[in-house]
file upload18.pdb (PDB, C-alpha atoms)
ATOM      1  CA  MET A   1     -20.079 -21.383   0.886  1.00  0.00           C
ATOM      2  CA  ASN A   2     -19.588 -18.273  -1.262  1.00  0.00           C
ATOM      3  CA  ARG A   3     -16.221 -17.611   0.373  1.00  0.00           C
ATOM      4  CA  ARG A   4     -15.074 -21.173  -0.339  1.00  0.00           C
ATOM      5  CA  ARG A   5     -16.229 -20.846  -3.961  1.00  0.00           C
ATOM      6  CA  LEU A   6     -14.340 -17.544  -4.250  1.00  0.00           C
ATOM      7  CA  TRP A   7     -11.071 -19.067  -3.046  1.00  0.00           C
ATOM      8  CA  THR A   8     -11.582 -22.103  -5.287  1.00  0.00           C
ATOM      9  CA  ASP A   9     -12.053 -19.863  -8.317  1.00  0.00           C
ATOM     10  CA  ARG A  10      -8.957 -17.859  -7.404  1.00  0.00           C
ATOM     11  CA  ILE A  11      -6.818 -20.985  -7.044  1.00  0.00           C
ATOM     12  CA  VAL A  12      -8.079 -22.413 -10.326  1.00  0.00           C
ATOM     13  CA  LEU A  13      -7.401 -19.128 -12.136  1.00  0.00           C
ATOM     14  CA  ALA A  14      -3.904 -18.916 -10.614  1.00  0.00           C
ATOM     15  CA  CYS A  15      -3.155 -22.492 -11.725  1.00  0.00           C
ATOM     16  CA  VAL A  16      -4.361 -21.747 -15.257  1.00  0.00           C
ATOM     17  CA  VAL A  17      -2.133 -18.648 -15.458  1.00  0.00           C
ATOM     18  CA  LEU A  18       0.915 -20.527 -14.130  1.00  0.00           C
ATOM     19  CA  ILE A  19       0.387 -23.452 -16.508  1.00  0.00           C
ATOM     20  CA  ALA A  20      -0.002 -21.068 -19.461  1.00  0.00           C
ATOM     21  CA  TRP A  21       3.115 -19.145 -18.385  1.00  0.00           C
ATOM     22  CA  GLU A  22       5.103 -22.378 -18.070  1.00  0.00           C
ATOM     23  CA  ALA A  23       3.959 -23.505 -21.517  1.00  0.00           C
ATOM     24  CA  VAL A  24       4.852 -20.193 -23.156  1.00  0.00           C
ATOM     25  CA  GLY A  25       8.182 -20.167 -21.347  1.00  0.00           C
ATOM     26  CA  GLN A  26       9.011 -23.653 -22.571  1.00  0.00           C
ATOM     27  CA  LEU A  27       7.944 -22.708 -26.106  1.00  0.00           C
ATOM     28  CA  HIS A  28       9.870 -19.422 -26.435  1.00  0.00           C
ATOM     29  CA  GLY A  29      12.719 -20.082 -24.009  1.00  0.00           C
ATOM     30  CA  ALA A  30      13.827 -18.456 -20.756  1.00  0.00           C
ATOM     31  CA  TYR A  31      15.474 -15.536 -22.527  1.00  0.00           C
ATOM     32  CA  TRP A  32      12.176 -13.790 -23.295  1.00  0.00           C
ATOM     33  CA  ILE A  33       9.649 -14.714 -20.633  1.00  0.00           C
ATOM     34  CA  SER A  34      11.281 -17.270 -18.293  1.00  0.00           C
ATOM     35  CA  SER A  35       8.906 -19.707 -16.542  1.00  0.00           C
ATOM     36  CA  PRO A  36       7.418 -20.294 -13.068  1.00  0.00           C
ATOM     37  CA  SER A  37       9.699 -23.280 -12.472  1.00  0.00           C
ATOM     38  CA  LEU A  38      12.831 -21.253 -13.248  1.00  0.00           C
ATOM     39  CA  VAL A  39      11.611 -18.341 -11.142  1.00  0.00           C
ATOM     40  CA  LEU A  40      10.897 -20.586  -8.135  1.00  0.00           C
ATOM     41  CA  GLU A  41      14.286 -22.253  -8.541  1.00  0.00           C
ATOM     42  CA  ARG A  42      16.076 -18.878  -8.600  1.00  0.00           C
ATOM     43  CA  ILE A  43      14.071 -17.606  -5.626  1.00  0.00           C
ATOM     44  CA  TRP A  44      15.123 -20.669  -3.653  1.00  0.00           C
ATOM     45  CA  MET A  45      18.771 -20.093  -4.584  1.00  0.00           C
ATOM     46  CA  LEU A  46      18.605 -16.422  -3.569  1.00  0.00           C
ATOM     47  CA  VAL A  47      16.915 -17.341  -0.291  1.00  0.00           C
ATOM     48  CA  LEU A  48      19.628 -19.890   0.512  1.00  0.00           C
ATOM     49  CA  ASN A  49      22.523 -17.507  -0.185  1.00  0.00           C
ATOM     50  CA  GLY A  50      20.776 -14.587   1.555  1.00  0.00           C
ATOM     51  CA  ASP A  51      20.702 -12.242  -1.460  1.00  0.00           C
ATOM     52  CA  LEU A  52      16.904 -12.030  -1.571  1.00  0.00           C
ATOM     53  CA  TRP A  53      16.684 -11.012   2.076  1.00  0.00           C
ATOM     54  CA  PHE A  54      19.580  -8.556   1.633  1.00  0.00           C
ATOM     55  CA  HIS A  55      17.895  -6.714  -1.228  1.00  0.00           C
ATOM     56  CA  GLY A  56      14.336  -7.193   0.016  1.00  0.00           C
ATOM     57  CA  ARG A  57      14.950  -5.658   3.431  1.00  0.00           C
ATOM     58  CA  PHE A  58      16.249  -2.439   1.905  1.00  0.00           C
ATOM     59  CA  THR A  59      13.203  -2.075  -0.338  1.00  0.00           C
ATOM     60  CA  LEU A  60      10.838  -2.947   2.500  1.00  0.00           C
ATOM     61  CA  GLY A  61      12.588  -0.527   4.872  1.00  0.00           C
ATOM     62  CA  GLU A  62      12.429   2.350   2.388  1.00  0.00           C
ATOM     63  CA  ALA A  63       8.785   1.618   1.581  1.00  0.00           C
ATOM     64  CA  LEU A  64       7.805   1.336   5.254  1.00  0.00           C
ATOM     65  CA  GLY A  65       9.662   4.514   6.226  1.00  0.00           C
ATOM     66  CA  GLY A  66       8.080   6.522   3.430  1.00  0.00           C
ATOM     67  CA  PHE A  67       4.692   4.927   4.113  1.00  0.00           C
ATOM     68  CA  LEU A  68       4.732   6.086   7.742  1.00  0.00           C
ATOM     69  CA  LEU A  69       6.136   9.536   6.914  1.00  0.00           C
ATOM     70  CA  GLY A  70       3.421  10.043   4.317  1.00  0.00           C
ATOM     71  CA  ALA A  71       0.405   8.293   5.864  1.00  0.00           C
ATOM     72  CA  ILE A  72       0.554   9.701   9.408  1.00  0.00           C
ATOM     73  CA  PRO A  73       0.790  13.395   8.374  1.00  0.00           C
ATOM     74  CA  GLY A  74      -1.761  12.815   5.600  1.00  0.00           C
ATOM     75  CA  CYS A  75      -4.313  11.471   8.070  1.00  0.00           C
ATOM     76  CA  ALA A  76      -3.457  14.063  10.737  1.00  0.00           C
ATOM     77  CA  VAL A  77      -3.749  17.049   8.391  1.00  0.00           C
ATOM     78  CA  ALA A  78      -7.127  15.890   7.034  1.00  0.00           C
ATOM     79  CA  MET A  79      -8.452  15.463  10.580  1.00  0.00           C
ATOM     80  CA  ALA A  80      -7.030  18.829  11.678  1.00  0.00           C
ATOM     81  CA  LEU A  81      -8.759  20.681   8.823  1.00  0.00           C
ATOM     82  CA  ARG A  82     -12.160  19.302   9.817  1.00  0.00           C
ATOM     83  CA  ARG A  83     -13.310  22.420  11.658  1.00  0.00           C
ATOM     84  CA  HIS A  84     -11.326  25.028   9.715  1.00  0.00           C
ATOM     85  CA  PRO A  85     -13.066  25.579   6.354  1.00  0.00           C
ATOM     86  CA  PHE A  86     -10.928  28.535   5.261  1.00  0.00           C
ATOM     87  CA  SER A  87      -7.654  26.778   6.062  1.00  0.00           C
ATOM     88  CA  ARG A  88      -9.018  23.694   4.340  1.00  0.00           C
ATOM     89  CA  ALA A  89      -9.838  25.607   1.153  1.00  0.00           C
ATOM     90  CA  ALA A  90      -6.378  27.191   1.109  1.00  0.00           C
ATOM     91  CA  PHE A  91      -4.612  23.881   1.740  1.00  0.00           C
ATOM     92  CA  LEU A  92      -6.655  22.044  -0.889  1.00  0.00           C
ATOM     93  CA  GLY A  93      -5.493  24.556  -3.501  1.00  0.00           C
ATOM     94  CA  VAL A  94      -1.858  23.810  -2.671  1.00  0.00           C
ATOM     95  CA  ALA A  95      -2.498  20.071  -2.327  1.00  0.00           C
ATOM     96  CA  ALA A  96      -4.031  19.940  -5.815  1.00  0.00           C
ATOM     97  CA  ILE A  97      -0.774  21.279  -7.250  1.00  0.00           C
ATOM     98  CA  GLY A  98       1.327  18.837  -5.237  1.00  0.00           C
ATOM     99  CA  TYR A  99      -0.887  15.917  -6.199  1.00  0.00           C
ATOM    100  CA  ALA A 100      -0.703  16.815  -9.891  1.00  0.00           C
ATOM    101  CA  ILE A 101       3.104  16.722  -9.992  1.00  0.00           C
ATOM    102  CA  PRO A 102       4.404  13.299 -11.130  1.00  0.00           C
ATOM    103  CA  LYS A 103       6.349  12.049  -8.139  1.00  0.00           C
ATOM    104  CA  THR A 104       9.088  10.495 -10.265  1.00  0.00           C
ATOM    105  CA  ALA A 105       9.855  14.009 -11.531  1.00  0.00           C
ATOM    106  CA  LEU A 106      10.911  14.877  -7.979  1.00  0.00           C
ATOM    107  CA  VAL A 107      13.586  12.172  -7.855  1.00  0.00           C
ATOM    108  CA  PRO A 108      16.416  14.465  -9.094  1.00  0.00           C
ATOM    109  CA  LEU A 109      15.548  16.985  -6.383  1.00  0.00           C
ATOM    110  CA  PHE A 110      15.429  14.328  -3.669  1.00  0.00           C
ATOM    111  CA  ILE A 111      18.794  12.980  -4.824  1.00  0.00           C
ATOM    112  CA  LEU A 112      20.235  16.513  -4.817  1.00  0.00           C
ATOM    113  CA  TRP A 113      18.897  17.213  -1.319  1.00  0.00           C
ATOM    114  CA  LEU A 114      19.285  13.796   0.305  1.00  0.00           C
ATOM    115  CA  GLY A 115      21.903  12.009  -1.768  1.00  0.00           C
ATOM    116  CA  VAL A 116      21.657   8.632  -3.481  1.00  0.00           C
ATOM    117  CA  GLY A 117      21.057   6.705  -0.246  1.00  0.00           C
ATOM    118  CA  PRO A 118      17.765   5.498   1.262  1.00  0.00           C
ATOM    119  CA  GLY A 119      16.666   9.031   2.196  1.00  0.00           C
ATOM    120  CA  ALA A 120      15.757   9.931  -1.397  1.00  0.00           C
ATOM    121  CA  LYS A 121      13.651   6.767  -1.791  1.00  0.00           C
ATOM    122  CA  VAL A 122      11.878   7.357   1.522  1.00  0.00           C
ATOM    123  CA  ALA A 123      11.077  10.945   0.502  1.00  0.00           C
ATOM    124  CA  LEU A 124       9.733   9.767  -2.869  1.00  0.00           C
ATOM    125  CA  VAL A 125       7.453   7.222  -1.211  1.00  0.00           C
ATOM    126  CA  ALA A 126       6.252   9.729   1.410  1.00  0.00           C
ATOM    127  CA  ALA A 127       5.426  12.310  -1.271  1.00  0.00           C
ATOM    128  CA  ALA A 128       3.215   9.787  -3.072  1.00  0.00           C
ATOM    129  CA  ILE A 129       1.549   8.314   0.007  1.00  0.00           C
ATOM    130  CA  PHE A 130       0.696  11.618   1.695  1.00  0.00           C
ATOM    131  CA  PHE A 131      -1.861  12.687  -0.909  1.00  0.00           C
ATOM    132  CA  ILE A 132      -3.502   9.263  -1.185  1.00  0.00           C
ATOM    133  CA  VAL A 133      -4.120   9.012   2.554  1.00  0.00           C
ATOM    134  CA  PHE A 134      -4.970  12.715   2.888  1.00  0.00           C
ATOM    135  CA  TYR A 135      -7.741  12.668   0.275  1.00  0.00           C
ATOM    136  CA  SER A 136      -9.068   9.321   1.503  1.00  0.00           C
ATOM    137  CA  THR A 137      -9.259  10.572   5.100  1.00  0.00           C
ATOM    138  CA  LEU A 138     -10.839  13.820   3.944  1.00  0.00           C
ATOM    139  CA  ASP A 139     -13.584  11.838   2.204  1.00  0.00           C
ATOM    140  CA  GLY A 140     -14.204  10.055   5.504  1.00  0.00           C
ATOM    141  CA  VAL A 141     -14.378  13.354   7.385  1.00  0.00           C
ATOM    142  CA  ASP A 142     -16.932  14.666   4.879  1.00  0.00           C
ATOM    143  CA  ALA A 143     -18.992  11.493   5.248  1.00  0.00           C
ATOM    144  CA  VAL A 144     -19.471  11.864   9.011  1.00  0.00           C
ATOM    145  CA  ASP A 145     -23.162  12.179   9.886  1.00  0.00           C
ATOM    146  CA  GLN A 146     -23.667  15.827  10.878  1.00  0.00           C
ATOM    147  CA  LYS A 147     -26.916  15.006  12.670  1.00  0.00           C
ATOM    148  CA  LEU A 148     -25.029  12.551  14.861  1.00  0.00           C
ATOM    149  CA  LEU A 149     -22.425  15.204  15.665  1.00  0.00           C
ATOM    150  CA  LEU A 150     -25.143  17.703  16.514  1.00  0.00           C
ATOM    151  CA  SER A 151     -26.890  15.192  18.779  1.00  0.00           C
ATOM    152  CA  ALA A 152     -23.630  14.432  20.577  1.00  0.00           C
ATOM    153  CA  ARG A 153     -23.012  18.148  21.137  1.00  0.00           C
ATOM    154  CA  VAL A 154     -26.526  18.578  22.506  1.00  0.00           C
ATOM    155  CA  PHE A 155     -25.726  15.895  25.096  1.00  0.00           C
ATOM    156  CA  GLY A 156     -22.611  17.826  26.092  1.00  0.00           C
ATOM    157  CA  ALA A 157     -19.880  15.887  24.288  1.00  0.00           C
ATOM    158  CA  SER A 158     -16.534  17.685  24.159  1.00  0.00           C
ATOM    159  CA  GLU A 159     -14.465  18.032  20.988  1.00  0.00           C
ATOM    160  CA  SER A 160     -12.115  15.249  22.056  1.00  0.00           C
ATOM    161  CA  GLN A 161     -15.085  12.973  22.774  1.00  0.00           C
ATOM    162  CA  LEU A 162     -16.557  13.772  19.367  1.00  0.00           C
ATOM    163  CA  LEU A 163     -13.288  12.889  17.686  1.00  0.00           C
ATOM    164  CA  ARG A 164     -12.905   9.651  19.616  1.00  0.00           C
ATOM    165  CA  HIS A 165     -16.462   8.340  19.635  1.00  0.00           C
ATOM    166  CA  VAL A 166     -18.071   9.813  16.499  1.00  0.00           C
ATOM    167  CA  VAL A 167     -15.598  11.128  13.933  1.00  0.00           C
ATOM    168  CA  TRP A 168     -12.790   8.603  14.188  1.00  0.00           C
ATOM    169  CA  PRO A 169     -14.984   5.445  14.023  1.00  0.00           C
ATOM    170  CA  ALA A 170     -16.649   6.853  10.904  1.00  0.00           C
ATOM    171  CA  VAL A 171     -13.319   7.803   9.303  1.00  0.00           C
ATOM    172  CA  VAL A 172     -11.465   4.518   9.996  1.00  0.00           C
ATOM    173  CA  PRO A 173     -12.823   2.626   6.940  1.00  0.00           C
ATOM    174  CA  TYR A 174     -11.764   5.487   4.666  1.00  0.00           C
ATOM    175  CA  VAL A 175      -8.314   5.680   6.265  1.00  0.00           C
ATOM    176  CA  PHE A 176      -7.711   1.967   5.816  1.00  0.00           C
ATOM    177  CA  GLY A 177      -9.088   2.139   2.293  1.00  0.00           C
ATOM    178  CA  GLY A 178      -6.484   4.785   1.527  1.00  0.00           C
ATOM    179  CA  LEU A 179      -3.745   2.792   3.247  1.00  0.00           C
ATOM    180  CA  ARG A 180      -4.524  -0.324   1.229  1.00  0.00           C
ATOM    181  CA  VAL A 181      -4.459   1.681  -2.000  1.00  0.00           C
ATOM    182  CA  ALA A 182      -1.197   3.304  -0.882  1.00  0.00           C
ATOM    183  CA  VAL A 183       0.687   0.028  -0.233  1.00  0.00           C
ATOM    184  CA  PRO A 184       1.472  -0.741  -3.910  1.00  0.00           C
ATOM    185  CA  TYR A 185       2.455   2.894  -4.443  1.00  0.00           C
ATOM    186  CA  ALA A 186       4.844   2.719  -1.494  1.00  0.00           C
ATOM    187  CA  ILE A 187       6.591  -0.361  -2.861  1.00  0.00           C
ATOM    188  CA  ALA A 188       6.556   1.062  -6.404  1.00  0.00           C
ATOM    189  CA  GLY A 189       8.080   4.342  -5.224  1.00  0.00           C
ATOM    190  CA  ALA A 190      10.919   2.506  -3.511  1.00  0.00           C
ATOM    191  CA  ILE A 191      11.460   0.317  -6.592  1.00  0.00           C
ATOM    192  CA  VAL A 192      11.550   3.316  -8.954  1.00  0.00           C
ATOM    193  CA  GLY A 193      14.036   5.113  -6.727  1.00  0.00           C
ATOM    194  CA  GLU A 194      16.259   2.036  -6.627  1.00  0.00           C
ATOM    195  CA  ILE A 195      16.128   1.617 -10.397  1.00  0.00           C
ATOM    196  CA  ILE A 196      17.179   5.242 -10.915  1.00  0.00           C
ATOM    197  CA  SER A 197      20.017   5.304  -8.382  1.00  0.00           C
ATOM    198  CA  SER A 198      20.918   2.447  -6.080  1.00  0.00           C
ATOM    199  CA  ASN A 199      23.259  -0.507  -5.666  1.00  0.00           C
ATOM    200  CA  ARG A 200      20.879  -2.579  -3.562  1.00  0.00           C
ATOM    201  CA  GLY A 201      17.170  -3.356  -3.240  1.00  0.00           C
ATOM    202  CA  LEU A 202      14.667  -5.221  -5.374  1.00  0.00           C
ATOM    203  CA  GLY A 203      14.591  -2.384  -7.899  1.00  0.00           C
ATOM    204  CA  TYR A 204      18.340  -2.650  -8.318  1.00  0.00           C
ATOM    205  CA  LEU A 205      17.992  -6.425  -8.624  1.00  0.00           C
ATOM    206  CA  ALA A 206      15.431  -6.027 -11.427  1.00  0.00           C
ATOM    207  CA  GLN A 207      17.588  -3.410 -13.160  1.00  0.00           C
ATOM    208  CA  PHE A 208      20.647  -5.655 -12.879  1.00  0.00           C
ATOM    209  CA  GLY A 209      18.684  -8.560 -14.351  1.00  0.00           C
ATOM    210  CA  ALA A 210      17.481  -6.430 -17.276  1.00  0.00           C
ATOM    211  CA  THR A 211      20.985  -5.114 -17.953  1.00  0.00           C
ATOM    212  CA  ASP A 212      22.375  -8.655 -17.831  1.00  0.00           C
ATOM    213  CA  PHE A 213      19.516  -9.976 -20.036  1.00  0.00           C
ATOM    214  CA  ASP A 214      18.485 -12.225 -17.144  1.00  0.00           C
ATOM    215  CA  THR A 215      14.688 -12.332 -17.493  1.00  0.00           C
ATOM    216  CA  THR A 216      14.340 -14.827 -14.671  1.00  0.00           C
ATOM    217  CA  LEU A 217      15.964 -12.424 -12.206  1.00  0.00           C
ATOM    218  CA  VAL A 218      13.570  -9.660 -13.279  1.00  0.00           C
ATOM    219  CA  PHE A 219      10.588 -11.946 -12.621  1.00  0.00           C
ATOM    220  CA  VAL A 220      12.100 -12.930  -9.253  1.00  0.00           C
ATOM    221  CA  SER A 221      12.024  -9.251  -8.260  1.00  0.00           C
ATOM    222  CA  LEU A 222       8.453  -8.845  -9.523  1.00  0.00           C
ATOM    223  CA  VAL A 223       7.202 -11.948  -7.696  1.00  0.00           C
ATOM    224  CA  THR A 224       8.905 -10.860  -4.469  1.00  0.00           C
ATOM    225  CA  VAL A 225       7.334  -7.413  -4.717  1.00  0.00           C
ATOM    226  CA  MET A 226       3.923  -8.979  -5.347  1.00  0.00           C
ATOM    227  CA  LEU A 227       4.270 -11.189  -2.262  1.00  0.00           C
ATOM    228  CA  ILE A 228       5.273  -8.199  -0.119  1.00  0.00           C
ATOM    229  CA  VAL A 229       2.270  -6.155  -1.308  1.00  0.00           C
ATOM    230  CA  LEU A 230      -0.149  -9.028  -0.719  1.00  0.00           C
ATOM    231  CA  SER A 231       1.272  -9.679   2.766  1.00  0.00           C
ATOM    232  CA  VAL A 232       1.088  -6.036   3.850  1.00  0.00           C
ATOM    233  CA  SER A 233      -2.442  -5.698   2.432  1.00  0.00           C
ATOM    234  CA  ALA A 234      -3.511  -8.802   4.371  1.00  0.00           C
ATOM    235  CA  VAL A 235      -2.093  -7.356   7.600  1.00  0.00           C
ATOM    236  CA  LEU A 236      -3.932  -4.072   7.016  1.00  0.00           C
ATOM    237  CA  SER A 237      -7.172  -5.960   6.354  1.00  0.00           C
ATOM    238  CA  LEU A 238      -6.721  -7.827   9.638  1.00  0.00           C
ATOM    239  CA  PHE A 239      -6.190  -4.602  11.571  1.00  0.00           C
ATOM    240  CA  GLN A 240      -9.193  -3.025   9.879  1.00  0.00           C
ATOM    241  CA  LYS A 241     -11.433  -5.940  10.842  1.00  0.00           C
ATOM    242  CA  ARG A 242     -10.255  -5.750  14.445  1.00  0.00           C
ATOM    243  CA  LEU A 243     -10.860  -2.000  14.627  1.00  0.00           C
ATOM    244  CA  LEU A 244     -14.301  -2.337  13.054  1.00  0.00           C
ATOM    245  CA  ASN A 245     -15.542  -5.225  15.182  1.00  0.00           C
ATOM    246  CA  TRP A 246     -18.042  -2.840  16.734  1.00  0.00           C
ATOM    247  CA  GLN A 247     -19.749  -2.384  13.359  1.00  0.00           C
ATOM    248  CA  THR A 248     -20.113  -6.141  12.918  1.00  0.00           C
ATOM    249  CA  ASN A 249     -21.463  -6.551  16.446  1.00  0.00           C
ATOM    250  CA  LEU A 250     -23.866  -3.657  15.948  1.00  0.00           C
ATOM    251  CA  SER A 251     -25.089  -5.159  12.657  1.00  0.00           C
ATOM    252  CA  GLN A 252     -25.605  -8.563  14.253  1.00  0.00           C
ATOM    253  CA  GLY A 253     -27.391  -6.951  17.177  1.00  0.00           C
ATOM    254  CA  GLY A 254     -29.636  -5.033  14.822  1.00  0.00           C
ATOM    255  CA  HIS A 255     -30.608  -8.217  12.972  1.00  0.00           C
ATOM    256  CA  THR A 256     -31.308  -9.970  16.258  1.00  0.00           C
ATOM    257  CA  VAL A 257     -33.583  -7.182  17.432  1.00  0.00           C
ATOM    258  CA  GLY A 258     -35.320  -7.115  14.067  1.00  0.00           C
ATOM    259  CA  ALA A 259     -35.940 -10.830  14.240  1.00  0.00           C
TER     260      ALA A 259
END
call {"tool": "encode", "arguments": {"input": "upload18.pdb", "output": "structure tokens"}}
result
Amino acid sequence: MNRRRLWTDRIVLACVVLIAWEAVGQLHGAYWISSPSLVLERIWMLVLNGDLWFHGRFTLGEALGGFLLGAIPGCAVAMALRRHPFSRAAFLGVAAIGYAIPKTALVPLFILWLGVGPGAKVALVAAAIFFIVFYSTLDGVDAVDQKLLLSARVFGASESQLLRHVVWPAVVPYVFGGLRVAVPYAIAGAIVGEIISSNRGLGYLAQFGATDFDTTLVFVSLVTVMLIVLSVSAVLSLFQKRLLNWQTNLSQGGHTVGA
């Protein structure tokens, strides 16, 4: 019942926002704020002529490539530092500097090293995603129950068994939490790179719309990006639920025993 009420409230709020947007758009004209009807009409036109898919696939490819190149090493490094406190302390000092640098400031370097093609955008996304996933995974590693690890060692569990059966299940929620936070940053990194230097992608499409004073085209890019982020976040949530089924089953089993 609560879930149904939640979705009802969300739908009502979305309808209120769209109606208000449409009213303001009709009042002030499409030049300044456009309107949902104009945006949907332009999206349909771009879908029919293939332009939306053409630009969207480049942005999605750059974001996905950078996401994987940043998330996998970020998770792996945090897990590898688990039993090496001195290496961890040294790496954290360097990571703090890397995390503090605004990633957009690295764009000129990435363009110089990798050119104006997709490589620079992928590198920009990876640089942003690495630290998000690394720190999130590290929080999960720190949250592992040390008493549980000690008990497993007493029963003769090897390091690989500890990682598989104790550490990793405890870290998974933190990893997926970091991944879900990282998704908007991945798309945003690709968009920023495309706005700075590109002739294709949703960032280029938004920049072209702004240059041409086409507010509707800018909103088309924003809406498409929003839909991509929501879709990827939903997929990650599905994977997380599947991986954490054991927690749900354990919780249900605990309530049954308690009853």
call {"tool": "resolve_selection", "arguments": {"input": "upload18.pdb", "expression": "the PyMOL selection byres ((chain A and resi 104-121) around 9)", "output": "ChimeraX atom specification"}}
result
/A:58-59,61-63,66,101-103,122-126,189-194,196-198
call {"tool": "write_last_selection", "arguments": {"input": "upload18.pdb", "atoms": "C-alpha atoms", "output": "CSV table (one decimal), in the coordinates of the input"}}
result
chain,number,residue,atom,x,y,z
A,58,PHE,CA,16.2,-2.4,1.9
A,59,THR,CA,13.2,-2.1,-0.3
A,61,GLY,CA,12.6,-0.5,4.9
A,62,GLU,CA,12.4,2.4,2.4
A,63,ALA,CA,8.8,1.6,1.6
A,66,GLY,CA,8.1,6.5,3.4
A,101,ILE,CA,3.1,16.7,-10.0
A,102,PRO,CA,4.4,13.3,-11.1
A,103,LYS,CA,6.3,12.0,-8.1
A,122,VAL,CA,11.9,7.4,1.5
A,123,ALA,CA,11.1,10.9,0.5
A,124,LEU,CA,9.7,9.8,-2.9
A,125,VAL,CA,7.5,7.2,-1.2
A,126,ALA,CA,6.3,9.7,1.4
A,189,GLY,CA,8.1,4.3,-5.2
A,190,ALA,CA,10.9,2.5,-3.5
A,191,ILE,CA,11.5,0.3,-6.6
A,192,VAL,CA,11.6,3.3,-9.0
A,193,GLY,CA,14.0,5.1,-6.7
A,194,GLU,CA,16.3,2.0,-6.6
A,196,ILE,CA,17.2,5.2,-10.9
A,197,SER,CA,20.0,5.3,-8.4
A,198,SER,CA,20.9,2.4,-6.1
call {"tool": "residues_around", "arguments": {"input": "upload18.pdb", "residues": "Thr216 of chain A", "least_positions_apart": "6", "cutoff": "9 Å", "atoms": "only C-alpha atoms", "output": "PyMOL selection string"}}
result
chain A and resi 30-36+38-39+42+209
call {"tool": "write_last_selection", "arguments": {"input": "upload18.pdb", "atoms": "C-alpha atoms", "output": "CSV table (one decimal), keeping the file's coordinate frame"}}
result
chain,number,residue,atom,x,y,z
A,30,ALA,CA,13.8,-18.5,-20.8
A,31,TYR,CA,15.5,-15.5,-22.5
A,32,TRP,CA,12.2,-13.8,-23.3
A,33,ILE,CA,9.6,-14.7,-20.6
A,34,SER,CA,11.3,-17.3,-18.3
A,35,SER,CA,8.9,-19.7,-16.5
A,36,PRO,CA,7.4,-20.3,-13.1
A,38,LEU,CA,12.8,-21.3,-13.2
A,39,VAL,CA,11.6,-18.3,-11.1
A,42,ARG,CA,16.1,-18.9,-8.6
A,209,GLY,CA,18.7,-8.6,-14.4
call {"tool": "resolve_selection", "arguments": {"input": "upload18.pdb", "expression": "the PyMOL selection byres ((chain A and resi 218-221) around 7)", "output": "compact mmCIF listing (two decimals) with C-alpha atoms, in the frame of the given file"}}
result
# COMPACT_ATOMS: atom_id res chain seq x y z
CA VAL A 39 11.61 -18.34 -11.14
CA ILE A 43 14.07 -17.61 -5.63
CA LEU A 202 14.67 -5.22 -5.37
CA LEU A 205 17.99 -6.42 -8.62
CA ALA A 206 15.43 -6.03 -11.43
CA GLY A 209 18.68 -8.56 -14.35
CA ALA A 210 17.48 -6.43 -17.28
CA ASP A 214 18.48 -12.22 -17.14
CA THR A 215 14.69 -12.33 -17.49
CA THR A 216 14.34 -14.83 -14.67
CA LEU A 217 15.96 -12.42 -12.21
CA LEU A 222 8.45 -8.85 -9.52
CA VAL A 223 7.20 -11.95 -7.70
CA THR A 224 8.90 -10.86 -4.47
CA VAL A 225 7.33 -7.41 -4.72
call {"tool": "residues_around", "arguments": {"input": "upload18.pdb", "residues": "Phe54 of chain A", "least_positions_apart": "5", "cutoff": "10 Å", "atoms": "only C-alpha atoms", "output": "VMD selection string"}}
result
chain A and resid 46 to 47 49 59 200 to 202
call {"tool": "closest_residue", "arguments": {"input": "upload18.pdb", "among": "A:Val24, A:Tyr99, A:Thr137, A:Ala170", "to": "Val77 of chain A", "atoms": "all atoms listed in the file"}}
result
A:Thr137
call {"tool": "build_atoms", "arguments": {"input": "upload18.pdb", "residues": "segment 135-144 of chain A", "atoms": "N, CA and C atoms", "output": "PDB file, keeping the file's coordinate frame"}}
result
ATOM      1  N   TYR A 135      -6.449  12.555   0.960  1.00  0.00           N
ATOM      2  CA  TYR A 135      -7.741  12.668   0.275  1.00  0.00           C
ATOM      3  C   TYR A 135      -8.711  11.583   0.739  1.00  0.00           C
ATOM      4  N   SER A 136      -8.197  10.388   1.015  1.00  0.00           N
ATOM      5  CA  SER A 136      -9.068   9.321   1.503  1.00  0.00           C
ATOM      6  C   SER A 136      -9.639   9.666   2.870  1.00  0.00           C
ATOM      7  N   THR A 137      -8.796  10.176   3.764  1.00  0.00           N
ATOM      8  CA  THR A 137      -9.259  10.572   5.100  1.00  0.00           C
ATOM      9  C   THR A 137     -10.229  11.732   5.010  1.00  0.00           C
ATOM     10  N   LEU A 138      -9.952  12.660   4.111  1.00  0.00           N
ATOM     11  CA  LEU A 138     -10.839  13.820   3.944  1.00  0.00           C
ATOM     12  C   LEU A 138     -12.221  13.379   3.482  1.00  0.00           C
ATOM     13  N   ASP A 139     -12.284  12.382   2.617  1.00  0.00           N
ATOM     14  CA  ASP A 139     -13.584  11.838   2.204  1.00  0.00           C
ATOM     15  C   ASP A 139     -14.326  11.262   3.415  1.00  0.00           C
ATOM     16  N   GLY A 140     -13.577  10.596   4.294  1.00  0.00           N
ATOM     17  CA  GLY A 140     -14.204  10.055   5.504  1.00  0.00           C
ATOM     18  C   GLY A 140     -14.724  11.149   6.415  1.00  0.00           C
ATOM     19  N   VAL A 141     -13.951  12.218   6.559  1.00  0.00           N
ATOM     20  CA  VAL A 141     -14.378  13.354   7.385  1.00  0.00           C
ATOM     21  C   VAL A 141     -15.666  13.964   6.820  1.00  0.00           C
ATOM     22  N   ASP A 142     -15.733  14.091   5.512  1.00  0.00           N
ATOM     23  CA  ASP A 142     -16.932  14.666   4.879  1.00  0.00           C
ATOM     24  C   ASP A 142     -18.142  13.747   5.002  1.00  0.00           C
ATOM     25  N   ALA A 143     -17.892  12.451   5.177  1.00  0.00           N
ATOM     26  CA  ALA A 143     -18.992  11.493   5.248  1.00  0.00           C
ATOM     27  C   ALA A 143     -19.566  11.325   6.654  1.00  0.00           C
ATOM     28  N   VAL A 144     -18.959  11.970   7.639  1.00  0.00           N
ATOM     29  CA  VAL A 144     -19.471  11.864   9.011  1.00  0.00           C
ATOM     30  C   VAL A 144     -20.877  12.452   9.089  1.00  0.00           C
TER      31      VAL A 144
END
